[in-house]
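Participant: Next comes the structure file target.csv, holding CSV, C-alpha atoms (C1' of nucleotides).
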chain,number,residue,atom,x,y,z
A,1,MET,CA,26.5,-13.8,-36.7
A,2,LYS,CA,29.6,-12.3,-35.3
A,3,GLU,CA,31.4,-14.4,-32.8
A,4,MET,CA,30.7,-13.4,-29.3
A,5,ASN,CA,33.3,-12.9,-26.6
A,6,ASN,CA,32.0,-14.0,-23.3
A,7,PRO,CA,34.5,-13.0,-20.5
A,8,LYS,CA,34.0,-14.5,-17.1
A,9,TRP,CA,32.7,-11.3,-15.5
A,10,VAL,CA,29.6,-11.5,-17.6
A,11,PRO,CA,28.0,-14.5,-15.9
A,12,GLN,CA,29.3,-13.2,-12.6
A,13,LEU,CA,27.4,-9.9,-13.1
A,14,LEU,CA,24.3,-11.8,-14.2
A,15,ALA,CA,24.5,-13.9,-11.0
A,16,TRP,CA,24.8,-10.7,-9.0
A,17,TYR,CA,21.7,-9.3,-10.8
A,18,ASP,CA,19.7,-12.4,-10.1
A,19,VAL,CA,20.1,-11.7,-6.4
A,20,ASN,CA,20.2,-7.9,-6.3
A,21,LYS,CA,17.9,-6.8,-9.1
A,22,ARG,CA,15.5,-4.0,-8.2
A,23,ASP,CA,11.8,-4.6,-8.5
A,24,LEU,CA,10.5,-2.1,-11.0
A,25,PRO,CA,7.0,-1.9,-12.5
A,26,TRP,CA,8.1,-2.0,-16.1
A,27,ARG,CA,10.6,-4.8,-15.6
A,28,ASP,CA,9.9,-8.3,-17.0
A,29,CYS,CA,6.5,-7.3,-18.2
A,30,GLY,CA,7.1,-7.8,-21.9
A,31,ASP,CA,5.2,-4.6,-22.7
A,32,PRO,CA,7.3,-2.5,-25.1
A,33,TYR,CA,5.1,0.6,-24.3
A,34,LYS,CA,5.8,0.4,-20.6
A,35,VAL,CA,9.5,-0.1,-21.2
A,36,TRP,CA,9.6,2.8,-23.7
A,37,VAL,CA,7.9,5.2,-21.3
A,38,SER,CA,10.2,4.2,-18.4
A,39,GLU,CA,13.3,4.6,-20.6
A,40,VAL,CA,12.4,8.1,-21.8
A,41,MET,CA,11.5,9.2,-18.3
A,42,SER,CA,14.8,7.9,-17.0
A,43,GLN,CA,16.9,9.9,-19.4
A,44,GLN,CA,19.2,12.1,-17.3
A,45,THR,CA,16.9,11.4,-14.4
A,46,ARG,CA,17.3,9.2,-11.3
A,47,ILE,CA,14.8,6.3,-11.0
A,48,GLU,CA,13.5,7.5,-7.6
A,49,ALA,CA,12.7,10.8,-9.1
A,50,MET,CA,10.7,9.5,-12.1
A,51,LYS,CA,8.8,6.6,-10.4
A,52,PRO,CA,5.8,8.7,-9.2
A,53,TYR,CA,5.6,10.3,-12.7
A,54,TYR,CA,5.7,6.8,-14.3
A,55,ASP,CA,2.8,5.6,-12.1
A,56,ASN,CA,0.7,8.7,-12.8
A,57,TRP,CA,1.5,8.5,-16.5
A,58,MET,CA,0.3,4.9,-16.8
A,59,ARG,CA,-2.9,5.9,-15.0
A,60,LEU,CA,-3.5,8.7,-17.5
A,61,PHE,CA,-2.2,7.0,-20.6
A,62,PRO,CA,-2.3,3.2,-20.0
A,63,THR,CA,-1.7,2.2,-23.7
A,64,LEU,CA,-0.1,3.4,-26.9
A,65,GLU,CA,-3.6,4.3,-28.2
A,66,GLU,CA,-4.5,6.4,-25.2
A,67,LEU,CA,-1.3,8.4,-25.4
A,68,ALA,CA,-1.7,8.8,-29.2
A,69,LYS,CA,-5.1,10.5,-28.6
A,70,ALA,CA,-3.8,12.9,-25.9
A,71,THR,CA,-3.0,16.5,-26.7
A,72,GLU,CA,0.4,18.0,-26.3
A,73,ASP,CA,-0.7,20.2,-23.5
A,74,GLU,CA,-2.0,17.1,-21.6
A,75,VAL,CA,1.3,15.3,-21.9
A,76,VAL,CA,3.4,18.3,-20.9
A,77,HIS,CA,1.1,18.9,-17.9
A,78,ALA,CA,1.7,15.3,-16.8
A,79,TRP,CA,5.4,15.8,-17.2
A,80,GLN,CA,5.5,19.1,-15.2
A,81,GLY,CA,8.4,19.1,-12.8
A,82,LEU,CA,10.3,16.3,-14.4
A,83,GLY,CA,12.3,18.5,-16.8
A,84,TYR,CA,13.5,18.2,-20.4
A,85,TYR,CA,9.9,18.6,-21.7
A,86,SER,CA,10.8,17.7,-25.3
A,87,ARG,CA,10.9,14.1,-24.0
A,88,ALA,CA,7.2,14.3,-23.4
A,89,ARG,CA,6.4,15.9,-26.7
A,90,ASN,CA,8.6,13.5,-28.6
A,91,LEU,CA,7.3,10.5,-26.8
A,92,ARG,CA,3.7,11.4,-27.9
A,93,LEU,CA,4.9,11.9,-31.5
A,94,GLY,CA,6.8,8.7,-31.5
A,95,VAL,CA,3.8,6.8,-30.2
A,96,GLN,CA,1.5,8.4,-32.8
A,97,ASP,CA,4.0,7.2,-35.4
A,98,VAL,CA,3.7,3.6,-34.2
A,99,VAL,CA,-0.1,3.7,-34.0
A,100,ASN,CA,-0.4,5.3,-37.5
A,101,ASN,CA,2.4,3.7,-39.4
A,102,TYR,CA,3.3,0.4,-37.6
A,103,GLY,CA,-0.2,-0.9,-36.8
A,104,GLY,CA,0.3,-0.1,-33.2
A,105,VAL,CA,3.2,-2.5,-32.8
A,106,VAL,CA,6.5,-1.1,-31.5
A,107,PRO,CA,9.1,-2.0,-34.1
A,108,HIS,CA,11.4,-5.0,-33.5
A,109,ASN,CA,14.4,-3.6,-35.2
A,110,ARG,CA,16.9,-0.9,-34.4
A,111,LYS,CA,16.5,1.1,-37.6
A,112,ASP,CA,12.8,1.6,-37.3
A,113,MET,CA,13.0,2.1,-33.6
A,114,GLU,CA,15.6,4.9,-33.9
A,115,SER,CA,13.4,6.6,-36.5
A,116,LEU,CA,10.8,7.4,-33.8
A,117,LYS,CA,10.8,10.8,-32.3
A,118,GLY,CA,12.8,11.0,-29.0
A,119,VAL,CA,14.3,7.5,-29.5
A,120,GLY,CA,18.0,7.4,-29.9
A,121,SER,CA,20.6,4.7,-29.8
A,122,TYR,CA,20.3,4.0,-26.1
A,123,THR,CA,16.5,3.9,-25.8
A,124,ALA,CA,16.2,1.8,-28.9
A,125,GLY,CA,18.5,-0.8,-27.5
A,126,ALA,CA,16.9,-0.7,-24.1
A,127,VAL,CA,13.4,-1.3,-25.5
A,128,LEU,CA,14.4,-3.9,-28.0
A,129,SER,CA,16.4,-6.0,-25.5
A,130,MET,CA,14.1,-5.6,-22.5
A,131,ALA,CA,10.7,-6.0,-24.2
A,132,TYR,CA,11.6,-8.3,-27.0
A,133,GLY,CA,14.8,-10.0,-26.0
A,134,GLU,CA,16.6,-8.8,-29.0
A,135,PRO,CA,20.5,-8.9,-28.8
A,136,GLU,CA,20.9,-5.1,-28.8
A,137,VAL,CA,23.2,-3.0,-26.5
A,138,ALA,CA,22.0,0.0,-24.5
A,139,VAL,CA,24.9,2.2,-23.8
A,140,ASP,CA,24.1,4.9,-21.3
A,141,GLY,CA,26.1,6.8,-18.6
A,142,ASN,CA,26.3,3.8,-16.4
A,143,VAL,CA,27.6,1.5,-19.1
A,144,LEU,CA,30.2,4.1,-20.2
A,145,ARG,CA,31.5,4.5,-16.6
A,146,ILE,CA,31.6,0.7,-15.9
A,147,TYR,CA,33.4,-0.2,-19.1
A,148,ALA,CA,35.8,2.6,-18.8
A,149,ARG,CA,36.9,1.2,-15.5
A,150,LEU,CA,36.6,-2.5,-16.4
A,151,TYR,CA,38.7,-2.1,-19.6
A,152,GLY,CA,40.9,0.9,-18.7
A,153,ILE,CA,39.5,3.2,-21.4
A,154,PHE,CA,41.1,6.6,-20.9
A,155,ASP,CA,39.2,8.4,-23.7
A,156,ASP,CA,36.7,11.0,-22.7
A,157,ILE,CA,33.5,9.0,-22.4
A,158,LEU,CA,31.4,12.1,-23.3
A,159,GLY,CA,33.2,12.4,-26.7
A,160,THR,CA,32.5,10.5,-29.8
A,161,LYS,CA,35.7,8.5,-29.8
A,162,GLY,CA,35.3,7.2,-26.2
A,163,LYS,CA,31.7,6.3,-26.8
A,164,LYS,CA,32.4,4.4,-30.0
A,165,ALA,CA,35.3,2.5,-28.4
A,166,ILE,CA,33.2,1.4,-25.5
A,167,THR,CA,30.2,0.6,-27.6
A,168,ALA,CA,32.3,-1.8,-29.7
A,169,ILE,CA,33.4,-3.6,-26.5
A,170,VAL,CA,29.8,-3.8,-25.2
A,171,GLU,CA,28.6,-5.3,-28.5
A,172,ASP,CA,31.4,-7.9,-28.2
A,173,THR,CA,30.5,-8.8,-24.6
A,174,LEU,CA,26.7,-8.8,-24.8
A,175,PRO,CA,25.4,-12.3,-23.9
A,176,HIS,CA,22.9,-13.2,-26.6
A,177,ASP,CA,20.9,-15.5,-24.3
A,178,ARG,CA,20.1,-12.7,-21.8
A,179,PRO,CA,20.5,-9.3,-23.5
A,180,GLY,CA,17.7,-7.6,-21.6
A,181,ASP,CA,18.9,-8.9,-18.2
A,182,PHE,CA,22.5,-8.0,-19.0
A,183,ASN,CA,21.6,-4.4,-19.9
A,184,GLN,CA,19.5,-4.0,-16.8
A,185,ALA,CA,22.2,-5.6,-14.7
A,186,LEU,CA,24.6,-3.0,-15.8
A,187,MET,CA,22.1,-0.2,-14.7
A,188,ASP,CA,21.6,-1.7,-11.3
A,189,PHE,CA,25.3,-2.5,-10.8
A,190,GLY,CA,26.2,1.1,-11.9
A,191,SER,CA,23.6,2.5,-9.5
A,192,ALA,CA,24.5,0.4,-6.5
A,193,VAL,CA,28.2,-0.6,-6.8
A,194,CYS,CA,30.1,1.0,-9.6
A,195,ILE,CA,28.9,4.4,-8.7
A,196,PRO,CA,30.3,7.7,-10.1
A,197,LYS,CA,32.4,9.2,-7.2
A,198,THR,CA,33.7,6.5,-4.9
A,199,PRO,CA,33.0,3.1,-6.4
A,200,ARG,CA,32.2,0.4,-3.8
A,201,CYS,CA,34.9,-2.0,-4.9
A,202,GLY,CA,34.7,-3.8,-1.5
A,203,GLU,CA,31.4,-5.2,-2.5
A,204,CYS,CA,32.0,-5.6,-6.2
A,205,PRO,CA,31.5,-9.1,-7.6
A,206,ILE,CA,33.9,-8.5,-10.6
A,207,VAL,CA,36.9,-6.6,-9.1
A,208,ASN,CA,39.2,-9.5,-10.1
A,209,THR,CA,38.8,-8.6,-13.8
A,210,CYS,CA,38.5,-4.8,-13.3
A,211,TYR,CA,41.4,-2.8,-14.9
A,212,ALA,CA,40.9,0.2,-12.8
A,213,TYR,CA,40.9,-1.8,-9.5
A,214,GLN,CA,43.9,-4.0,-10.5
A,215,HIS,CA,45.9,-1.0,-11.6
A,216,ASN,CA,44.8,1.2,-8.7
A,217,VAL,CA,43.3,3.9,-11.0
A,218,THR,CA,39.7,3.9,-9.8
A,219,ASP,CA,40.1,7.6,-9.0
A,220,GLN,CA,41.0,8.4,-12.5
A,221,LEU,CA,38.3,6.6,-14.4
A,222,PRO,CA,36.1,7.4,-16.2
A,223,VAL,CA,37.4,10.5,-17.9
A,224,ARG,CA,34.7,13.1,-18.4
A,225,ILE,CA,35.4,16.4,-20.0
A,226,LYS,CA,32.5,18.8,-19.9
A,227,LYS,CA,32.4,22.4,-20.8
A,228,THR,CA,29.1,23.9,-20.0
A,229,LYS,CA,29.0,27.5,-18.9
A,230,VAL,CA,26.0,28.6,-16.8
A,231,VAL,CA,24.8,32.1,-17.6
A,232,ASP,CA,23.4,34.3,-14.9
A,233,VAL,CA,20.1,35.9,-15.8
A,234,PRO,CA,18.2,38.4,-13.5
A,235,ILE,CA,14.4,38.2,-13.9
A,236,PHE,CA,11.8,40.6,-12.5
A,237,VAL,CA,8.4,38.9,-12.2
A,238,GLY,CA,5.0,40.5,-11.8
A,239,ILE,CA,2.3,38.7,-9.9
A,240,LEU,CA,-0.4,40.9,-11.4
A,241,SER,CA,-4.1,40.7,-10.5
A,242,TYR,CA,-7.3,42.0,-12.0
A,243,GLY,CA,-9.8,41.4,-9.2
A,244,ASP,CA,-9.7,37.7,-8.5
A,245,TYR,CA,-7.9,37.0,-11.7
A,246,TYR,CA,-4.2,36.7,-12.4
A,247,LEU,CA,-2.5,37.6,-15.7
A,248,LEU,CA,-0.4,34.8,-17.1
A,249,HIS,CA,1.8,34.5,-20.2
A,250,LYS,CA,2.6,31.4,-22.3
A,251,ARG,CA,6.3,31.3,-23.2
A,252,PRO,CA,7.1,31.1,-26.9
A,253,ASN,CA,7.0,27.7,-28.7
A,254,ARG,CA,10.8,27.5,-28.7
A,255,GLY,CA,13.7,27.6,-26.3
A,256,LEU,CA,13.7,27.0,-22.6
A,257,LEU,CA,10.5,25.9,-21.0
A,258,ARG,CA,8.7,26.4,-24.2
A,259,SER,CA,4.9,26.8,-24.3
A,260,MET,CA,4.7,26.7,-20.5
A,261,TRP,CA,2.9,29.3,-18.4
A,262,GLU,CA,4.6,32.0,-16.4
A,263,PHE,CA,3.9,35.2,-14.6
A,264,PRO,CA,4.7,38.3,-16.8
A,265,SER,CA,8.4,38.7,-16.6
A,266,VAL,CA,11.2,41.0,-17.7
A,267,GLU,CA,14.7,39.5,-18.2
A,268,ASN,CA,18.0,41.3,-17.8
A,269,ALA,CA,16.5,44.5,-16.3
A,270,ASP,CA,19.1,46.2,-14.2
A,271,SER,CA,16.8,48.1,-11.9
A,272,TYR,CA,13.3,48.2,-10.4
A,273,ASP,CA,12.5,51.1,-12.6
A,274,ALA,CA,13.5,49.3,-15.7
A,275,ALA,CA,11.5,46.3,-14.7
A,276,GLU,CA,8.4,48.4,-13.9
A,277,SER,CA,8.5,50.1,-17.3
A,278,GLY,CA,9.1,46.7,-19.0
A,279,LEU,CA,6.0,45.2,-17.3
A,280,THR,CA,4.0,48.3,-18.0
A,281,GLU,CA,4.8,48.0,-21.6
A,282,LEU,CA,3.9,44.3,-21.7
A,283,VAL,CA,0.4,44.8,-20.1
A,284,GLY,CA,-0.1,48.1,-21.9
A,285,ALA,CA,-0.1,46.2,-25.2
A,286,LEU,CA,-3.0,44.2,-23.8
A,287,GLY,CA,-5.0,47.2,-22.8
A,288,PHE,CA,-4.1,47.4,-19.1
A,289,GLY,CA,-2.6,50.0,-16.9
A,290,LEU,CA,-0.4,48.8,-14.0
A,291,SER,CA,0.2,49.8,-10.4
A,292,LEU,CA,3.3,47.9,-9.3
A,293,GLN,CA,4.3,47.8,-5.6
A,294,PRO,CA,8.0,48.4,-5.2
A,295,VAL,CA,8.4,45.7,-2.6
A,296,ILE,CA,10.0,42.3,-3.3
A,297,VAL,CA,7.5,39.7,-2.1
A,298,LYS,CA,9.7,36.7,-3.0
A,299,GLU,CA,13.3,36.2,-4.1
A,300,LEU,CA,14.5,32.9,-5.5
A,301,THR,CA,17.3,31.3,-7.5
A,302,HIS,CA,16.7,28.5,-10.0
A,303,VAL,CA,19.5,26.6,-11.7
A,304,PHE,CA,19.0,25.1,-15.2
A,305,SER,CA,21.6,23.0,-17.1
A,306,HIS,CA,22.9,26.1,-18.9
A,307,ARG,CA,21.6,29.2,-17.1
A,308,LYS,CA,20.7,30.5,-13.7
A,309,TRP,CA,17.7,32.6,-12.9
A,310,PHE,CA,17.8,35.2,-10.1
A,311,MET,CA,14.2,36.0,-9.7
A,312,LYS,CA,12.6,38.9,-7.9
A,313,ALA,CA,8.8,38.8,-7.6
A,314,PHE,CA,6.5,41.9,-7.1
A,315,ARG,CA,2.8,42.3,-6.7
A,316,GLY,CA,0.7,44.6,-8.9
A,317,ASP,CA,-2.8,45.6,-9.8
A,318,LEU,CA,-4.1,45.9,-13.3
A,319,GLN,CA,-6.7,48.4,-14.6
A,320,TYR,CA,-8.5,47.9,-17.8
A,321,THR,CA,-8.1,51.0,-20.0
A,322,GLY,CA,-10.6,50.1,-22.6
A,323,ASP,CA,-14.4,50.5,-22.4
A,324,HIS,CA,-16.0,49.2,-19.3
A,325,THR,CA,-16.6,45.5,-20.1
A,326,SER,CA,-17.0,42.1,-18.5
A,327,ILE,CA,-14.2,39.9,-17.4
A,328,GLU,CA,-15.3,37.3,-20.0
A,329,THR,CA,-15.1,39.9,-22.8
A,330,ILE,CA,-11.6,40.9,-21.7
A,331,GLN,CA,-10.5,37.3,-21.6
A,332,THR,CA,-11.7,36.6,-25.2
A,333,GLN,CA,-9.9,39.7,-26.4
A,334,LEU,CA,-6.5,38.7,-25.1
A,335,PRO,CA,-4.0,37.2,-27.5
A,336,LYS,CA,-3.6,33.4,-27.4
A,337,ASP,CA,-0.4,33.5,-25.3
A,338,TRP,CA,-2.0,35.5,-22.5
A,339,MET,CA,-4.8,34.6,-20.1
A,340,LEU,CA,-6.6,35.8,-17.0
A,341,ILE,CA,-7.5,33.0,-14.6
A,342,LYS,CA,-8.4,32.4,-11.0
A,343,ARG,CA,-6.1,30.9,-8.4
A,344,GLU,CA,-8.2,27.7,-8.3
A,345,GLU,CA,-7.5,27.1,-12.0
A,346,PHE,CA,-3.7,27.1,-11.6
A,347,ALA,CA,-3.5,23.4,-11.3
A,348,ASP,CA,-5.0,22.9,-14.8
A,349,TYR,CA,-1.9,24.3,-16.5
A,350,ALA,CA,1.8,23.4,-17.0
A,351,TRP,CA,3.9,25.9,-15.1
A,352,ALA,CA,7.3,27.1,-16.4
A,353,GLY,CA,9.6,25.7,-13.7
A,354,PRO,CA,10.1,28.1,-10.8
A,355,HIS,CA,7.0,30.1,-11.7
A,356,GLY,CA,5.0,27.3,-10.2
A,357,LYS,CA,6.6,28.0,-6.9
A,358,LEU,CA,5.4,31.6,-7.0
A,359,THR,CA,1.8,30.5,-7.1
A,360,GLU,CA,1.9,30.0,-3.4
A,361,LEU,CA,2.1,33.8,-3.0
A,362,CYS,CA,-1.4,34.0,-4.4
A,363,PRO,CA,-4.3,33.9,-2.0
A,364,ILE,CA,-6.3,30.8,-1.9
A,365,VAL,CA,-9.8,31.2,-3.3
A,366,GLU,CA,-12.4,28.7,-2.1
B,1,DA,C1',31.6,18.5,-32.5
B,2,DA,C1',29.2,21.6,-29.7
B,3,DA,C1',25.2,23.6,-27.7
B,4,DG,C1',20.4,23.5,-25.9
B,5,DC,C1',17.4,21.5,-22.8
B,6,DG,C1',15.4,20.6,-16.1
B,7,DG,C1',15.4,19.4,-11.9
B,8,DG,C1',17.1,17.3,-7.9
B,9,DG,C1',20.1,14.3,-5.1
B,10,DT,C1',25.0,13.6,-3.6
B,11,DT,C1',29.6,14.9,-2.4
C,1,DA,C1',29.5,24.7,-5.5
C,2,DA,C1',30.6,21.1,-8.4
C,3,DC,C1',29.1,16.8,-10.0
C,4,DC,C1',26.0,13.8,-12.4
C,5,DC,C1',21.9,11.2,-13.5
C,6,DA,C1',18.6,4.6,-17.7
C,7,DG,C1',20.1,11.1,-23.5
C,8,DC,C1',18.1,13.3,-27.7
C,9,DT,C1',17.8,17.0,-31.0
C,10,DT,C1',19.4,20.9,-33.3
C,11,DT,C1',22.9,23.7,-35.1
Take the structure in this file and express it as structure tokens.
Facilitator:
Amino acid sequence: MKEMNNPKWVPQLLAWYDVNKRDLPWRDCGDPYKVWVSEVMSQQTRIEAMKPYYDNWMRLFPTLEELAKATEDEVVHAWQGLGYYSRARNLRLGVQDVVNNYGGVVPHNRKDMESLKGVGSYTAGAVLSMAYGEPEVAVDGNVLRIYARLYGIFDDILGTKGKKAITAIVEDTLPHDRPGDFNQALMDFGSAVCIPKTPRCGECPIVNTCYAYQHNVTDQLPVRIKKTKVVDVPIFVGILSYGDYYLLHKRPNRGLLRSMWEFPSVENADSYDAAESGLTELVGALGFGLSLQPVIVKELTHVFSHRKWFMKAFRGDLQYTGDHTSIETIQTQLPKDWMLIKREEFADYAWAGPHGKLTELCPIVE
DNA sequence: AAAGCGGGGTT
DNA sequence: AACCCAGCTTT
């Protein structure tokens, strides 16, 4: 085994953790499934935001086997509102892999762990160290920030070079007697003391060995260079009803908010008239005529990581242009990615982000 | 190496 | 309005 460097800040951080650690339901439970779920839910997400989802998830899918049996629609529905829905789909696939090919036992080594869907370098290290006590690092945004400051790393921590440089130091400083506690100590420390904007150096237990503090460059570290451009997208939305039923569309099985339900919409239309003809064409292909009311009933803006929706919602009434027939018959004749449902059934489906907020414009049916 | 993928709290 | 969060996958 490689010789381990154990600088004095490591036991100091562990001592801080022993006093200040957060009490979290998946912590110190020794259950790799619970740790796995919590780690995936935490990706790019604050702990406070995912906690209620975690509790609900464990009620719905308490074990690997229960989750493996669930449908994709069920897991996405349980994930609704949390974002990055591929996490839910991949978690289900990864768990199925473990049940089918690993005898239901989460792997104990990094190679097998990282082969599971949705499990990357960070999540593998987190699960292995926290659930099994394996000496594996878990390098996330907190760790990159903390080490950049502690060791004066001026490489871009979002780039490959910076991440590799820091990972090498983390591997060198990982205490093999308490790897799980150490990784979690870095998370809690990064969330409470060594925070992104203005680090609380006044209450930091390891300032005496911090490069950024000693050299007075805490305002320069870490270096993060990001270049995401947010594209503006105007969207006209039709809240279209046929009697007590609303017409909904399932987004395609690729791209943003894939396979989630939305009200019929037209992107990038530059006028009401263009939107009206777009919606008329959509429902026309289903056998409906449309009377759209030219009054905006709701206007809202929704920001994603790489685009921004400017939504204008209108009401409309549908007329069936085919032979007079029952609602049940019309429903069966619709393509798979369209449906007519009542307001009271809305809660049974996963809504495409901001479309869920438009449901409040629909009358309550008791 | 860069882009795609959500939503919400903080500054 | 910018920043950033217990990142991973696809291109």
Participant: Please, which residues of chain B lie no more than 8 Å from chain A when the count uses only C-alpha atoms (C1' of nucleotides), and can they be set out as a list of chain:residue names?
Facilitator: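 Putting it all together, I get B:DG4, B:DC5, B:DG6, B:DG7, B:DG8, B:DT11.
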Participant: For a test of reading the model, state the distance in Å between atom CA of Phe288 of chain A and atom CA of Leu318 of chain A, rounded to one decimal.
Facilitator: 6.0 Å
Participant: Could you jot down the atom CA of His176 of chain A to atom CA of Pro135 of chain A separation for me, Å, one decimal place?
Facilitator: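 Computed distance, atom CA of His176 of chain A to atom CA of Pro135 of chain A, equals 5.4 Å.
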Participant: Select all residues from chain A having any atom no more than 8 Å from an atom of chain C (counting only C-alpha atoms (C1' of nucleotides), ignoring ligands), output as a list in words.
Facilitator: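 Filtering chain A at 8 Å from chain C with only C-alpha atoms (C1' of nucleotides) gives Glu39, Ser42, Gln43, Gln44, Thr45, Arg46, Ile47, Gly118, Val119, Gly120, Tyr122, Asp140, Gly141, Asn142, Met187 and Pro196 of chain A.
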Participant: Output C-alpha atoms for every residue in that selection, as an mmCIF file, in the frame of the given file.
Facilitator:
data_model
loop_
_atom_site.group_PDB
_atom_site.id
_atom_site.type_symbol
_atom_site.label_atom_id
_atom_site.label_comp_id
_atom_site.auth_asym_id
_atom_site.auth_seq_id
_atom_site.Cartn_x
_atom_site.Cartn_y
_atom_site.Cartn_z
ATOM 1 C CA GLU A 39 13.300 4.600 -20.600
ATOM 2 C CA SER A 42 14.800 7.900 -17.000
ATOM 3 C CA GLN A 43 16.900 9.900 -19.400
ATOM 4 C CA GLN A 44 19.200 12.100 -17.300
ATOM 5 C CA THR A 45 16.900 11.400 -14.400
ATOM 6 C CA ARG A 46 17.300 9.200 -11.300
ATOM 7 C CA ILE A 47 14.800 6.300 -11.000
ATOM 8 C CA GLY A 118 12.800 11.000 -29.000
ATOM 9 C CA VAL A 119 14.300 7.500 -29.500
ATOM 10 C CA GLY A 120 18.000 7.400 -29.900
ATOM 11 C CA TYR A 122 20.300 4.000 -26.100
ATOM 12 C CA ASP A 140 24.100 4.900 -21.300
ATOM 13 C CA GLY A 141 26.100 6.800 -18.600
ATOM 14 C CA ASN A 142 26.300 3.800 -16.400
ATOM 15 C CA MET A 187 22.100 -0.200 -14.700
ATOM 16 C CA PRO A 196 30.300 7.700 -10.100
#
Participant: Skip segment 27-31 of chain A itself and residues of its chain fewer than 3 positions away, then list as a VMD selection string all residues within 6 Å of it, counting all atoms listed in the file.
Facilitator: chain A and resid 24 34 131
Participant: Excluding segment 328-338 of chain A and its own-chain neighbours fewer than 2 positions away, which residues fall within 12 Å of it when counting all atoms listed in the file? Please give them as a ChimeraX atom specification.
Facilitator: /A:242,245-253,258-264,282-288,319-326,340-342
Participant: Which neighbours of segment 189-193 of chain A fall inside 7 Å, counting all atoms listed in the file, when residues of the same chain fewer than 4 positions from it are skipped, and could you give them as an MDAnalysis selection string?
Facilitator: chainID A and resid 142 146 185 199:200 204
Participant: Can you tell me, as a PyMOL selection string, what residues are no more than 8 Å from Lys298 of chain A when counting all atoms listed in the file, ignoring any on the same chain fewer than 6 positions away?
Facilitator: chain A and resi 312-314+358
Participant: May I have the residues from that selection written out with C-alpha atoms, as a PDB file, in the frame of the given file?
Facilitator:
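Saved file out_36.pdb follows:
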ATOM      1  CA  LYS A 312      12.600  38.900  -7.900  1.00  0.00           C
ATOM      2  CA  ALA A 313       8.800  38.800  -7.600  1.00  0.00           C
ATOM      3  CA  PHE A 314       6.500  41.900  -7.100  1.00  0.00           C
ATOM      4  CA  LEU A 358       5.400  31.600  -7.000  1.00  0.00           C
TER       5      LEU A 358
END
Participant: Any idea what the distance is between atom CA of Val75 of chain A and atom CA of Val35 of chain A?
Facilitator: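 Here the two named atoms are 17.5 Å from each other.
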Participant: If you count all atoms listed in the file, which residues fall within 9 Å of Pro32 of chain A, apart from same-chain ones fewer than 5 positions away, as a list in words?
Facilitator: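 Neighbouring residues, sequence-local ones excluded: Val37, Val105, Val106, Val127, Leu128, Met130, Ala131 and Tyr132 of chain A.
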